[in-house]
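Colleague: coords.tsv (TSV, C-alpha atoms) pasted underneath:
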```tsv
chain	number	residue	atom	x	y	z
A	1161	ILE	CA	-77.14	-34.30	105.14
A	1162	LEU	CA	-76.18	-37.28	102.97
A	1163	LEU	CA	-74.05	-35.05	100.75
A	1164	THR	CA	-72.15	-33.37	103.57
A	1165	GLU	CA	-71.28	-36.77	105.04
A	1166	LYS	CA	-70.06	-37.94	101.68
A	1167	LEU	CA	-68.55	-34.67	100.44
A	1168	PHE	CA	-65.19	-36.28	99.64
A	1169	GLU	CA	-66.55	-39.28	97.71
A	1170	VAL	CA	-69.15	-37.20	95.87
A	1171	ASN	CA	-66.49	-34.68	94.89
A	1172	ILE	CA	-63.82	-37.04	93.60
A	1173	ARG	CA	-66.21	-39.49	91.92
A	1174	PHE	CA	-69.18	-37.46	90.71
A	1175	VAL	CA	-67.94	-33.87	90.40
A	1176	GLY	CA	-64.62	-35.14	89.04
A	1177	GLY	CA	-66.36	-37.57	86.70
A	1178	LEU	CA	-68.72	-34.89	85.35
A	1179	LEU	CA	-65.87	-32.40	84.84
A	1180	SER	CA	-63.86	-35.02	82.91
A	1181	ALA	CA	-66.89	-35.99	80.85
A	1182	TYR	CA	-67.34	-32.31	79.92
A	1183	TYR	CA	-63.69	-31.69	79.03
A	1184	LEU	CA	-63.43	-34.90	76.99
A	1185	SER	CA	-66.76	-34.57	75.17
A	1186	GLY	CA	-67.57	-30.86	75.13
A	1187	GLU	CA	-71.20	-31.76	75.95
A	1188	GLU	CA	-72.77	-28.83	77.81
A	1189	ILE	CA	-74.98	-31.09	80.00
A	1190	PHE	CA	-71.90	-32.33	81.89
A	1191	ARG	CA	-70.68	-28.80	82.64
A	1192	LYS	CA	-74.14	-27.80	83.81
A	1193	LYS	CA	-74.52	-30.83	86.07
A	1194	ALA	CA	-71.01	-30.51	87.53
A	1195	VAL	CA	-71.69	-26.90	88.57
A	1196	GLU	CA	-75.19	-27.78	89.85
A	1197	LEU	CA	-73.74	-30.55	92.00
A	1198	GLY	CA	-70.93	-28.27	93.19
A	1199	GLU	CA	-73.53	-25.77	94.40
A	1200	LYS	CA	-75.26	-28.48	96.42
A	1201	LEU	CA	-71.97	-29.22	98.20
A	1202	LEU	CA	-71.35	-25.64	99.36
A	1203	PRO	CA	-73.35	-25.92	102.65
A	1204	ALA	CA	-70.73	-28.41	103.92
A	1205	PHE	CA	-68.34	-25.43	104.29
A	1206	ASN	CA	-70.65	-23.63	106.74
A	1207	THR	CA	-68.53	-24.31	109.82
A	1208	PRO	CA	-66.75	-21.82	112.13
A	1209	THR	CA	-63.45	-22.34	110.27
A	1210	GLY	CA	-64.77	-23.03	106.78
A	1211	ILE	CA	-63.22	-26.51	107.03
A	1212	PRO	CA	-66.04	-28.81	105.91
A	1213	GLY	CA	-67.45	-30.95	108.74
A	1214	ILE	CA	-68.28	-34.65	109.10
A	1215	GLY	CA	-66.64	-36.90	106.53
A	1216	ARG	CA	-66.68	-40.58	105.50
A	1217	ASN	CA	-65.48	-41.75	108.92
A	1218	TRP	CA	-67.57	-39.50	111.10
A	1219	PRO	CA	-68.47	-42.05	113.84
A	1220	TRP	CA	-64.82	-42.72	114.73
A	1221	ALA	CA	-63.09	-39.58	113.52
A	1222	SER	CA	-61.58	-38.35	116.76
A	1223	GLY	CA	-64.33	-36.34	118.42
A	1224	GLY	CA	-66.12	-34.83	115.43
A	1225	SER	CA	-62.90	-33.92	113.68
A	1226	SER	CA	-62.57	-33.58	109.93
A	1227	ILE	CA	-60.16	-35.79	108.03
A	1228	LEU	CA	-57.16	-34.31	106.21
A	1229	ALA	CA	-57.61	-36.42	103.07
A	1230	GLU	CA	-61.25	-35.36	102.86
A	1231	PHE	CA	-61.14	-31.59	103.23
A	1232	GLY	CA	-57.76	-31.60	101.44
A	1233	THR	CA	-59.03	-33.38	98.33
A	1234	LEU	CA	-61.42	-30.78	96.93
A	1235	HIS	CA	-58.95	-28.32	95.43
A	1236	LEU	CA	-58.62	-29.51	91.82
A	1237	GLU	CA	-62.33	-29.97	91.25
A	1238	PHE	CA	-63.38	-26.71	92.93
A	1239	VAL	CA	-60.84	-24.65	90.96
A	1240	HIS	CA	-62.32	-26.13	87.78
A	1241	LEU	CA	-65.86	-25.41	88.98
A	1242	SER	CA	-64.95	-21.72	89.33
A	1243	HIS	CA	-63.23	-21.80	85.93
A	1244	LEU	CA	-66.29	-23.30	84.22
A	1245	SER	CA	-69.00	-21.35	86.03
A	1246	GLY	CA	-67.31	-17.97	86.33
A	1247	ASN	CA	-68.32	-18.10	90.02
A	1248	PRO	CA	-65.29	-17.57	92.28
A	1249	VAL	CA	-67.00	-19.04	95.38
A	1250	PHE	CA	-65.75	-22.59	94.71
A	1251	ALA	CA	-62.09	-21.60	94.48
A	1252	GLU	CA	-62.49	-19.29	97.49
A	1253	LYS	CA	-63.72	-22.18	99.66
A	1254	VAL	CA	-60.66	-24.31	98.95
A	1255	MET	CA	-58.19	-21.43	99.17
A	1256	ASN	CA	-59.57	-20.71	102.65
A	1257	ILE	CA	-58.81	-24.32	103.70
A	1258	ARG	CA	-55.19	-23.70	102.64
A	1259	LYS	CA	-55.09	-20.49	104.66
A	1260	VAL	CA	-56.27	-22.27	107.83
A	1261	LEU	CA	-53.66	-25.04	107.36
A	1262	ASN	CA	-50.87	-22.61	106.64
A	1263	ARG	CA	-51.23	-20.62	109.83
A	1264	LEU	CA	-51.45	-23.73	112.06
A	1265	ASP	CA	-48.38	-25.11	113.81
A	1266	LYS	CA	-47.39	-28.42	112.28
A	1267	PRO	CA	-45.77	-30.99	114.62
A	1268	GLU	CA	-42.32	-31.58	113.09
A	1269	GLY	CA	-43.64	-30.02	109.85
A	1270	LEU	CA	-46.13	-32.91	109.50
A	1271	TYR	CA	-49.89	-32.61	108.95
A	1272	PRO	CA	-51.96	-34.66	111.42
A	1273	ASN	CA	-54.88	-36.64	109.98
A	1274	TYR	CA	-57.55	-34.94	112.11
A	1275	LEU	CA	-58.58	-31.29	112.40
A	1276	ASN	CA	-61.48	-29.95	114.44
A	1277	PRO	CA	-63.64	-27.88	112.08
A	1278	SER	CA	-65.02	-25.76	114.94
A	1279	SER	CA	-61.86	-24.87	116.87
A	1280	GLY	CA	-59.46	-25.09	113.93
A	1281	GLN	CA	-57.05	-27.13	116.07
A	1282	TRP	CA	-55.46	-30.49	115.28
A	1283	GLY	CA	-56.96	-33.62	116.81
A	1284	GLN	CA	-54.66	-36.45	117.91
A	1285	HIS	CA	-51.20	-36.24	116.37
A	1286	HIS	CA	-51.48	-39.18	113.99
A	1287	VAL	CA	-49.85	-38.77	110.59
A	1288	SER	CA	-50.32	-41.05	107.60
A	1289	ILE	CA	-49.56	-40.95	103.89
A	1290	GLY	CA	-52.11	-43.76	103.62
A	1291	GLY	CA	-55.86	-43.80	104.22
A	1292	LEU	CA	-56.53	-40.58	106.13
A	1293	GLY	CA	-53.86	-38.30	104.66
A	1294	ASP	CA	-52.93	-39.62	101.19
A	1295	SER	CA	-54.68	-37.42	98.64
A	1296	PHE	CA	-54.10	-34.18	100.58
A	1297	TYR	CA	-50.40	-34.36	99.60
A	1298	GLU	CA	-51.24	-35.49	96.07
A	1299	TYR	CA	-53.53	-32.46	95.60
A	1300	LEU	CA	-50.89	-29.97	96.79
A	1301	LEU	CA	-48.58	-31.15	94.01
A	1302	LYS	CA	-51.32	-31.47	91.40
A	1303	ALA	CA	-52.76	-28.02	92.24
A	1304	TRP	CA	-49.38	-26.55	91.32
A	1305	LEU	CA	-49.15	-28.63	88.12
A	1306	MET	CA	-52.77	-27.89	87.15
A	1307	SER	CA	-52.15	-24.15	87.57
A	1308	ASP	CA	-49.43	-24.41	84.89
A	1309	LYS	CA	-46.94	-24.09	87.76
A	1310	THR	CA	-48.20	-20.69	88.92
A	1311	ASP	CA	-49.63	-21.82	92.29
A	1312	GLU	CA	-46.47	-21.16	94.30
A	1313	GLU	CA	-48.20	-21.70	97.64
A	1314	GLY	CA	-49.27	-25.24	96.67
A	1315	LYS	CA	-45.76	-25.96	95.43
A	1316	LYS	CA	-44.11	-24.81	98.64
A	1317	MET	CA	-46.56	-26.70	100.85
A	1318	TYR	CA	-45.93	-29.89	98.86
A	1319	TYR	CA	-42.12	-29.83	98.90
A	1320	ASP	CA	-42.03	-28.79	102.58
A	1321	ALA	CA	-44.36	-31.70	103.41
A	1322	VAL	CA	-42.23	-34.16	101.43
A	1323	GLN	CA	-39.15	-32.99	103.34
A	1324	ALA	CA	-40.89	-33.70	106.68
A	1325	ILE	CA	-42.14	-37.07	105.40
A	1326	GLU	CA	-38.61	-38.04	104.38
A	1327	THR	CA	-37.19	-37.06	107.74
A	1328	HIS	CA	-39.82	-38.62	109.98
A	1329	LEU	CA	-41.74	-41.35	108.10
A	1330	ILE	CA	-39.56	-42.89	105.39
A	1331	ARG	CA	-37.44	-45.77	106.60
A	1332	LYS	CA	-35.38	-48.62	105.11
A	1333	SER	CA	-35.86	-52.19	106.32
A	1334	SER	CA	-32.92	-54.42	107.17
A	1335	GLY	CA	-33.55	-56.20	103.87
A	1336	GLY	CA	-33.16	-52.92	102.01
A	1337	LEU	CA	-36.79	-52.05	101.28
A	1338	THR	CA	-37.79	-48.39	101.54
A	1339	TYR	CA	-41.21	-47.91	103.13
A	1340	ILE	CA	-43.40	-45.16	104.57
A	1341	ALA	CA	-44.39	-45.77	108.19
A	1342	GLU	CA	-47.28	-44.26	110.19
A	1343	TRP	CA	-46.52	-41.64	112.85
A	1344	LYS	CA	-48.45	-41.74	116.12
A	1345	GLY	CA	-47.56	-38.81	118.33
A	1346	GLY	CA	-43.86	-39.25	117.68
A	1347	LEU	CA	-43.84	-43.07	117.69
A	1348	LEU	CA	-43.58	-44.95	114.39
A	1349	GLU	CA	-45.77	-47.90	113.46
A	1350	HIS	CA	-43.84	-49.87	110.85
A	1351	LYS	CA	-46.82	-50.62	108.66
A	1352	MET	CA	-47.53	-49.50	105.11
A	1353	GLY	CA	-50.98	-49.63	103.56
A	1354	HIS	CA	-51.78	-50.45	99.94
A	1355	LEU	CA	-53.24	-46.93	99.73
A	1356	THR	CA	-49.81	-45.50	100.61
A	1357	CYS	CA	-48.31	-47.12	97.51
A	1358	PHE	CA	-49.68	-44.24	95.41
A	1359	ALA	CA	-46.85	-42.11	96.85
A	1360	GLY	CA	-44.23	-43.67	94.58
A	1361	GLY	CA	-45.97	-42.15	91.57
A	1362	MET	CA	-46.47	-38.86	93.41
A	1363	PHE	CA	-42.77	-38.50	94.26
A	1364	ALA	CA	-41.83	-39.22	90.64
A	1365	LEU	CA	-44.43	-36.81	89.26
A	1366	GLY	CA	-43.08	-34.09	91.56
A	1367	ALA	CA	-39.42	-34.82	90.81
A	1368	ASP	CA	-39.14	-32.30	87.98
A	1369	GLY	CA	-40.09	-29.34	90.18
A	1370	ALA	CA	-38.10	-30.43	93.22
A	1371	PRO	CA	-35.70	-27.98	94.88
A	1372	SER	CA	-32.16	-27.66	93.51
A	1373	ASP	CA	-30.52	-30.96	92.51
A	1374	LYS	CA	-33.20	-33.09	94.24
A	1375	THR	CA	-34.88	-34.26	91.00
A	1376	GLY	CA	-32.93	-37.50	90.73
A	1377	HIS	CA	-33.51	-38.18	94.40
A	1378	HIS	CA	-37.31	-37.89	94.06
A	1379	ILE	CA	-37.33	-40.22	91.04
A	1380	GLU	CA	-35.23	-42.70	93.02
A	1381	LEU	CA	-37.59	-42.43	95.98
A	1382	GLY	CA	-40.51	-43.19	93.63
A	1383	ALA	CA	-38.64	-46.18	92.22
A	1384	GLU	CA	-37.86	-47.52	95.71
A	1385	ILE	CA	-41.50	-47.24	96.85
A	1386	ALA	CA	-42.57	-48.97	93.61
A	1387	ARG	CA	-40.13	-51.81	94.31
A	1388	THR	CA	-41.35	-52.24	97.90
A	1389	CYS	CA	-44.98	-52.33	96.75
A	1390	HIS	CA	-44.09	-54.85	94.03
A	1391	GLU	CA	-42.50	-57.00	96.75
A	1392	SER	CA	-45.75	-56.85	98.75
A	1393	TYR	CA	-47.46	-58.38	95.67
A	1394	ASP	CA	-44.69	-60.85	94.89
A	1395	ARG	CA	-44.61	-62.27	98.44
A	1396	THR	CA	-48.24	-63.48	98.30
A	1397	SER	CA	-49.60	-66.70	96.79
A	1398	MET	CA	-51.83	-64.84	94.36
A	1399	LYS	CA	-49.30	-62.18	93.33
A	1400	LEU	CA	-51.79	-59.49	94.40
A	1401	GLY	CA	-50.97	-57.19	97.28
A	1402	PRO	CA	-52.58	-57.15	100.73
A	1403	GLU	CA	-54.43	-54.14	102.20
A	1404	ALA	CA	-51.49	-53.47	104.55
A	1405	PHE	CA	-48.07	-54.98	105.15
A	1406	ARG	CA	-45.54	-54.73	107.97
A	1407	PHE	CA	-41.85	-54.37	108.64
A	1408	ASP	CA	-41.36	-55.70	112.15
A	1409	GLY	CA	-40.72	-58.90	114.02
A	1410	GLY	CA	-38.57	-60.21	111.19
A	1411	VAL	CA	-41.22	-59.83	108.47
A	1412	GLU	CA	-40.86	-57.50	105.50
A	1413	ALA	CA	-43.63	-56.37	103.13
A	1414	ILE	CA	-45.98	-59.08	104.44
A	1415	ALA	CA	-49.42	-58.78	106.05
A	1416	THR	CA	-49.39	-60.34	109.51
A	1417	ARG	CA	-53.01	-59.72	110.54
A	1418	GLN	CA	-55.96	-61.57	109.04
A	1419	ASN	CA	-57.93	-58.34	108.59
A	1420	GLU	CA	-55.15	-56.89	106.41
A	1421	LYS	CA	-54.79	-59.79	103.97
A	1422	TYR	CA	-57.58	-58.82	101.55
A	1423	TYR	CA	-57.26	-57.23	98.09
A	1424	ILE	CA	-60.24	-55.21	96.86
A	1425	LEU	CA	-59.05	-54.40	93.32
A	1426	ARG	CA	-57.23	-51.30	94.51
A	1427	PRO	CA	-55.27	-49.20	91.96
A	1428	GLU	CA	-52.45	-47.54	93.93
A	1429	VAL	CA	-49.64	-49.93	93.03
A	1430	ILE	CA	-50.57	-49.92	89.34
A	1431	GLU	CA	-50.94	-46.14	89.51
A	1432	THR	CA	-47.34	-45.89	90.71
A	1433	TYR	CA	-46.16	-48.28	87.97
A	1434	MET	CA	-47.92	-46.05	85.41
A	1435	TYR	CA	-46.21	-42.86	86.63
A	1436	MET	CA	-42.84	-44.61	86.87
A	1437	TRP	CA	-43.25	-45.98	83.32
A	1438	ARG	CA	-44.20	-42.60	81.88
A	1439	LEU	CA	-41.38	-40.79	83.65
A	1440	THR	CA	-38.54	-43.33	83.22
A	1441	HIS	CA	-39.62	-45.83	80.51
A	1442	ASP	CA	-37.87	-48.59	82.45
A	1443	PRO	CA	-39.46	-51.79	81.02
A	1444	LYS	CA	-39.70	-53.43	84.45
A	1445	TYR	CA	-42.79	-51.32	85.22
A	1446	ARG	CA	-44.66	-52.82	82.27
A	1447	GLN	CA	-43.45	-56.26	83.33
A	1448	TRP	CA	-44.69	-55.74	86.91
A	1449	ALA	CA	-48.00	-54.35	85.67
A	1450	TRP	CA	-48.45	-57.37	83.41
A	1451	GLU	CA	-47.89	-59.69	86.40
A	1452	ALA	CA	-50.79	-57.88	88.07
A	1453	VAL	CA	-52.96	-58.21	84.94
A	1454	GLU	CA	-52.35	-61.96	84.87
A	1455	ALA	CA	-53.12	-62.28	88.58
A	1456	LEU	CA	-56.32	-60.23	88.21
A	1457	GLU	CA	-57.45	-62.45	85.32
A	1458	LYS	CA	-56.56	-65.64	87.15
A	1459	HIS	CA	-57.92	-64.86	90.62
A	1460	CYS	CA	-60.40	-61.97	90.39
A	1461	ARG	CA	-62.28	-62.58	87.12
A	1462	VAL	CA	-65.75	-63.98	87.83
A	1463	ASP	CA	-68.91	-64.42	85.76
A	1464	GLY	CA	-70.25	-60.94	86.49
A	1465	GLY	CA	-66.98	-58.99	86.25
A	1466	TYR	CA	-64.13	-58.86	88.77
A	1467	SER	CA	-64.22	-59.51	92.50
A	1468	GLY	CA	-62.03	-58.66	95.47
A	1469	ILE	CA	-60.27	-61.44	97.37
A	1470	ARG	CA	-60.38	-62.15	101.12
A	1471	ASP	CA	-56.87	-63.60	101.57
A	1472	VAL	CA	-54.12	-63.15	99.00
A	1473	TYR	CA	-51.84	-65.58	100.88
A	1474	ASN	CA	-54.27	-68.45	100.44
A	1475	ASN	CA	-54.04	-70.84	97.51
A	1476	HIS	CA	-57.81	-70.93	97.12
A	1477	GLU	CA	-59.82	-67.88	96.11
A	1478	SER	CA	-62.42	-66.62	98.51
A	1479	HIS	CA	-64.18	-63.82	96.60
A	1480	ASP	CA	-65.85	-60.92	98.39
A	1481	ASP	CA	-68.35	-60.58	95.50
A	1482	VAL	CA	-67.76	-56.82	95.13
A	1483	GLN	CA	-66.45	-54.95	92.08
A	1484	GLN	CA	-65.47	-51.52	93.42
A	1485	SER	CA	-66.13	-48.55	91.12
A	1486	PHE	CA	-62.48	-47.49	91.41
A	1487	PHE	CA	-61.53	-50.74	89.65
A	1488	LEU	CA	-63.01	-49.24	86.48
A	1489	SER	CA	-62.11	-45.59	86.97
A	1490	GLU	CA	-58.56	-46.18	88.22
A	1491	THR	CA	-57.13	-49.72	88.10
A	1492	LEU	CA	-58.15	-50.46	84.50
A	1493	LYS	CA	-57.54	-46.91	83.24
A	1494	TYR	CA	-54.01	-46.82	84.65
A	1495	LEU	CA	-53.32	-50.24	83.13
A	1496	TYR	CA	-54.63	-49.04	79.76
A	1497	LEU	CA	-52.43	-45.94	79.90
A	1498	LEU	CA	-49.40	-48.00	80.96
A	1499	PHE	CA	-49.61	-50.10	77.81
A	1500	SER	CA	-50.46	-47.14	75.54
A	1501	ASP	CA	-48.28	-44.44	74.03
A	1502	ASP	CA	-47.50	-41.41	76.21
A	1503	ASP	CA	-49.51	-39.11	73.94
A	1504	ILE	CA	-52.80	-40.52	75.23
A	1505	LEU	CA	-53.73	-38.05	78.01
A	1506	PRO	CA	-50.18	-36.63	78.14
A	1507	PHE	CA	-48.95	-35.14	81.42
A	1508	GLU	CA	-48.23	-31.80	79.69
A	1509	HIS	CA	-51.96	-31.25	79.28
A	1510	TRP	CA	-53.75	-33.35	81.89
A	1511	VAL	CA	-53.71	-33.95	85.63
A	1512	PHE	CA	-55.62	-36.93	87.10
A	1513	ASN	CA	-57.85	-36.33	90.09
A	1514	THR	CA	-57.52	-38.87	92.89
A	1515	GLU	CA	-60.18	-41.09	91.26
A	1516	ALA	CA	-58.20	-40.96	87.95
A	1517	HIS	CA	-60.61	-38.58	86.24
A	1518	PRO	CA	-58.50	-36.43	83.88
A	1519	LEU	CA	-58.67	-32.65	84.30
A	1520	PRO	CA	-56.96	-30.24	81.89
A	1521	ILE	CA	-54.07	-28.06	83.02
A	1522	LEU	CA	-55.30	-24.45	83.07
A	1523	HIS	CA	-52.63	-22.97	80.82
A	1524	LYS	CA	-51.69	-19.37	81.55
A	1525	GLU	CA	-52.78	-18.15	78.14
A	1526	ASP	CA	-56.24	-19.77	78.45
A	1527	GLY	CA	-57.72	-17.04	80.61
A	1528	SER	CA	-61.26	-18.33	80.93
A	1529	LYS	CA	-62.31	-19.24	77.41
A	1530	GLU	CA	-65.61	-20.59	78.67
A	1531	GLU	CA	-66.60	-17.29	80.25
A	1532	LYS	CA	-65.66	-15.35	77.12
A	1533	GLN	CA	-67.85	-17.63	75.02
A	1534	LYS	CA	-70.95	-16.92	77.07
```
Please lay out the structure from this file as structure tokens.
Modeller:
Amino acid sequence: ILLTEKLFEVNIRFVGGLLSAYYLSGEEIFRKKAVELGEKLLPAFNTPTGIPGIGRNWPWASGGSSILAEFGTLHLEFVHLSHLSGNPVFAEKVMNIRKVLNRLDKPEGLYPNYLNPSSGQWGQHHVSIGGLGDSFYEYLLKAWLMSDKTDEEGKKMYYDAVQAIETHLIRKSSGGLTYIAEWKGGLLEHKMGHLTCFAGGMFALGADGAPSDKTGHHIELGAEIARTCHESYDRTSMKLGPEAFRFDGGVEAIATRQNEKYYILRPEVIETYMYMWRLTHDPKYRQWAWEAVEALEKHCRVDGGYSGIRDVYNNHESHDDVQQSFFLSETLKYLYLLFSDDDILPFEHWVFNTEAHPLPILHKEDGSKEEKQK
């Protein structure tokens, strides 16, 4: 029961971590444990639709619905589990999720955050590139990249989704900042979460494969999102960004609610700087990242490590006394990569899962080396 409730977290952190450990070290124990853990997750798919049930937010997920970012963020790891075990069941489970999503009607081409795993119908028509949707879109793009650009279905789903996002969710504030709003049954909420800031890097990473003559546009979109997210950091006292910021009532890129003013060492803004640096080499991304490093050292460093902060607009630190695991796996890794040469984990050979665990691209000529070796 515990594992089915935490399928998403267990997959991206533990399965992803074990897969990376195997590919980086070659130690057989990691391969064995990754596959063993993958097998324990399979019962979560035993629902009428094959969409895994109950996720991280099960008490308030609209009426027992599954969350897009949870059932949509299994693809990379499960494809690798099939590759390493020779057992096609893992890949079949995630390809079936795609099939269900493909035949559903999408409101305005958008994917709502909630899907009922029994009926296979959408829940409320809320759409977000932040918290509940985010990594679903990321994994469509990365599935195509990880397949050595052979997964045409993933590619099409990604670029179609980006087109709908541009039309319906991306807006420009009166002060000229591009942001991604939340869509609630056709009405926009002009709020952008820190989690949504990952999308700048995603747009840039996908620019190269974009439809005819759209490459420059996707890079530009990435750069604009990066700039907006940098502003959300710059407009605080601590130069660290809030959990969510708004564009209404005369405010731009500022948190207006007390419960959105915290910073819990999240990586998404630095992740976007890293992708923008790698893909453009514009020095401002290293400069912005270094501002974040200095702020982290000044405000988050504590005796036992690093701590989140309760209000980034305050002049006095109030620490939450938590060092999230993603601070190590993502925030610090992306910073390290940003200030390293591009040939450390190069994009030609590696794709990062949504917890920043590197997975190798399955090059066409590879076949399945592992199976042949057995």
Colleague: Can you work out which one of A:Leu1167, A:Leu1337, A:Cys1460, A:Leu1519 has the shortest atom-to-atom distance to Ala1229 in chain A, counting all atoms listed in the file?
Modeller: A:Leu1167
Colleague: Name the closest residue to Gly1410 in chain A among the candidates A:Ser1333, A:Asn1276, A:Gln1484, A:Gln1323; distances are taken between atoms, counting all atoms listed in the file.
Modeller: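 Smallest distance to Gly1410 in chain A is found for A:Ser1333.
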Colleague: Rank A:Gly1353, A:Gly1468, A:Pro1203, A:Gly1345 by their smallest atom-to-atom distance to Val1249 in chain A, using only C-alpha atoms, and report the top residue only.
Modeller: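 Selected residue with least distance to Val1249 in chain A: A:Pro1203.
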Colleague: Do you have the CA of Tyr1473 in chain A-CA of Lys1421 in chain A distance handy?
Modeller: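 Separation between CA of Tyr1473 in chain A and CA of Lys1421 in chain A: 7.2 Å.
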Colleague: Could you list, as a short mmCIF file (atom, residue, chain, number, x, y, z; two decimals) with C-alpha atoms, keeping the file's coordinate frame, every residue within 10 Å of Trp1437 in chain A, counting only C-alpha atoms and ignoring same-chain residues fewer than 3 positions away?
Modeller:
```cif
data_model
loop_
_atom_site.label_atom_id
_atom_site.label_comp_id
_atom_site.auth_asym_id
_atom_site.auth_seq_id
_atom_site.Cartn_x
_atom_site.Cartn_y
_atom_site.Cartn_z
CA GLY A 1361 -45.97 -42.15 91.57
CA GLU A 1431 -50.94 -46.14 89.51
CA THR A 1432 -47.34 -45.89 90.71
CA TYR A 1433 -46.16 -48.28 87.97
CA MET A 1434 -47.92 -46.05 85.41
CA THR A 1440 -38.54 -43.33 83.22
CA HIS A 1441 -39.62 -45.83 80.51
CA ASP A 1442 -37.87 -48.59 82.45
CA PRO A 1443 -39.46 -51.79 81.02
CA LYS A 1444 -39.70 -53.43 84.45
CA TYR A 1445 -42.79 -51.32 85.22
CA ARG A 1446 -44.66 -52.82 82.27
CA ALA A 1449 -48.00 -54.35 85.67
CA LEU A 1497 -52.43 -45.94 79.90
CA LEU A 1498 -49.40 -48.00 80.96
CA PHE A 1499 -49.61 -50.10 77.81
CA ASP A 1502 -47.50 -41.41 76.21
#
```
Colleague: Counting all atoms listed in the file, which of A:Thr1310, A:Ser1467, A:Gln1418, A:Ser1489 gets nearest to Asn1513 in chain A?
Modeller: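 Distance minimum relative to Asn1513 in chain A lands on A:Ser1489.
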Colleague: CA of Phe1168 in chain A and CA of Ala1383 in chain A are how many Å apart?
Modeller: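 Here the two named atoms are 29.3 Å from each other.
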Colleague: Within 12 Å of (-72.9, -26.9, 99.5) (coordinates as in the file), grab all the protein and nucleic acid residues, counting only C-alpha atoms, and write them out as a ChimeraX atom specification.
Modeller: /A:1161-1167,1170-1171,1195-1207,1210,1212-1213,1238,1249-1250,1253
Colleague: Write to file, as a PDB file, keeping the file's coordinate frame, the residues of the selection just made, with C-alpha atoms.
Modeller:
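Below is the file out30.pdb, written as the result:
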```pdb
ATOM      1  CA  ILE A1161     -77.140 -34.300 105.140  1.00  0.00           C
ATOM      2  CA  LEU A1162     -76.180 -37.280 102.970  1.00  0.00           C
ATOM      3  CA  LEU A1163     -74.050 -35.050 100.750  1.00  0.00           C
ATOM      4  CA  THR A1164     -72.150 -33.370 103.570  1.00  0.00           C
ATOM      5  CA  GLU A1165     -71.280 -36.770 105.040  1.00  0.00           C
ATOM      6  CA  LYS A1166     -70.060 -37.940 101.680  1.00  0.00           C
ATOM      7  CA  LEU A1167     -68.550 -34.670 100.440  1.00  0.00           C
ATOM      8  CA  VAL A1170     -69.150 -37.200  95.870  1.00  0.00           C
ATOM      9  CA  ASN A1171     -66.490 -34.680  94.890  1.00  0.00           C
ATOM     10  CA  VAL A1195     -71.690 -26.900  88.570  1.00  0.00           C
ATOM     11  CA  GLU A1196     -75.190 -27.780  89.850  1.00  0.00           C
ATOM     12  CA  LEU A1197     -73.740 -30.550  92.000  1.00  0.00           C
ATOM     13  CA  GLY A1198     -70.930 -28.270  93.190  1.00  0.00           C
ATOM     14  CA  GLU A1199     -73.530 -25.770  94.400  1.00  0.00           C
ATOM     15  CA  LYS A1200     -75.260 -28.480  96.420  1.00  0.00           C
ATOM     16  CA  LEU A1201     -71.970 -29.220  98.200  1.00  0.00           C
ATOM     17  CA  LEU A1202     -71.350 -25.640  99.360  1.00  0.00           C
ATOM     18  CA  PRO A1203     -73.350 -25.920 102.650  1.00  0.00           C
ATOM     19  CA  ALA A1204     -70.730 -28.410 103.920  1.00  0.00           C
ATOM     20  CA  PHE A1205     -68.340 -25.430 104.290  1.00  0.00           C
ATOM     21  CA  ASN A1206     -70.650 -23.630 106.740  1.00  0.00           C
ATOM     22  CA  THR A1207     -68.530 -24.310 109.820  1.00  0.00           C
ATOM     23  CA  GLY A1210     -64.770 -23.030 106.780  1.00  0.00           C
ATOM     24  CA  PRO A1212     -66.040 -28.810 105.910  1.00  0.00           C
ATOM     25  CA  GLY A1213     -67.450 -30.950 108.740  1.00  0.00           C
ATOM     26  CA  PHE A1238     -63.380 -26.710  92.930  1.00  0.00           C
ATOM     27  CA  VAL A1249     -67.000 -19.040  95.380  1.00  0.00           C
ATOM     28  CA  PHE A1250     -65.750 -22.590  94.710  1.00  0.00           C
ATOM     29  CA  LYS A1253     -63.720 -22.180  99.660  1.00  0.00           C
TER      30      LYS A1253
END
```
Colleague: Quick one: pull the distance between CA of Leu1355 in chain A and CA of Gly1290 in chain A, Å, one decimal.
Modeller: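 Calculated distance between CA of Leu1355 in chain A and CA of Gly1290 in chain A is 5.1 Å.
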Colleague: Sorted by chain and rising residue number, which residues of range 1213-1276 of chain A lie within 12 Å of range 1181-1193 of chain A, and what are their closest atom pairs and distances in Å to one decimal, counting all atoms listed in the file, as a Markdown table?
Modeller:
```
| residue | atom | partner | partner_atom | distance |
| --- | --- | --- | --- | --- |
| A:His1240 | CA | A:Arg1191 | CA | 10.2 |
| A:Leu1241 | CA | A:Arg1191 | CA | 8.7 |
| A:Ser1242 | CA | A:Arg1191 | CA | 11.3 |
| A:His1243 | CA | A:Arg1191 | CA | 10.7 |
| A:Leu1244 | CA | A:Arg1191 | CA | 7.2 |
| A:Ser1245 | CA | A:Arg1191 | CA | 8.4 |
| A:Gly1246 | CA | A:Arg1191 | CA | 11.9 |
```
Colleague: Please return, as number ranges by chain, all polymer residues that have at least one atom within 7 Å of the point (-38.7, -40.3, 94.0); use only C-alpha atoms and the file's own coordinate frame.
Modeller: A: 1360, 1363-1364, 1367, 1377-1383
Colleague: Write a file of the just-selected residues containing C-alpha atoms, as a short mmCIF file (atom, residue, chain, number, x, y, z; two decimals), in the coordinates of the input.
Modeller:
```cif
data_model
loop_
_atom_site.label_atom_id
_atom_site.label_comp_id
_atom_site.auth_asym_id
_atom_site.auth_seq_id
_atom_site.Cartn_x
_atom_site.Cartn_y
_atom_site.Cartn_z
CA GLY A 1360 -44.23 -43.67 94.58
CA PHE A 1363 -42.77 -38.50 94.26
CA ALA A 1364 -41.83 -39.22 90.64
CA ALA A 1367 -39.42 -34.82 90.81
CA HIS A 1377 -33.51 -38.18 94.40
CA HIS A 1378 -37.31 -37.89 94.06
CA ILE A 1379 -37.33 -40.22 91.04
CA GLU A 1380 -35.23 -42.70 93.02
CA LEU A 1381 -37.59 -42.43 95.98
CA GLY A 1382 -40.51 -43.19 93.63
CA ALA A 1383 -38.64 -46.18 92.22
#
```
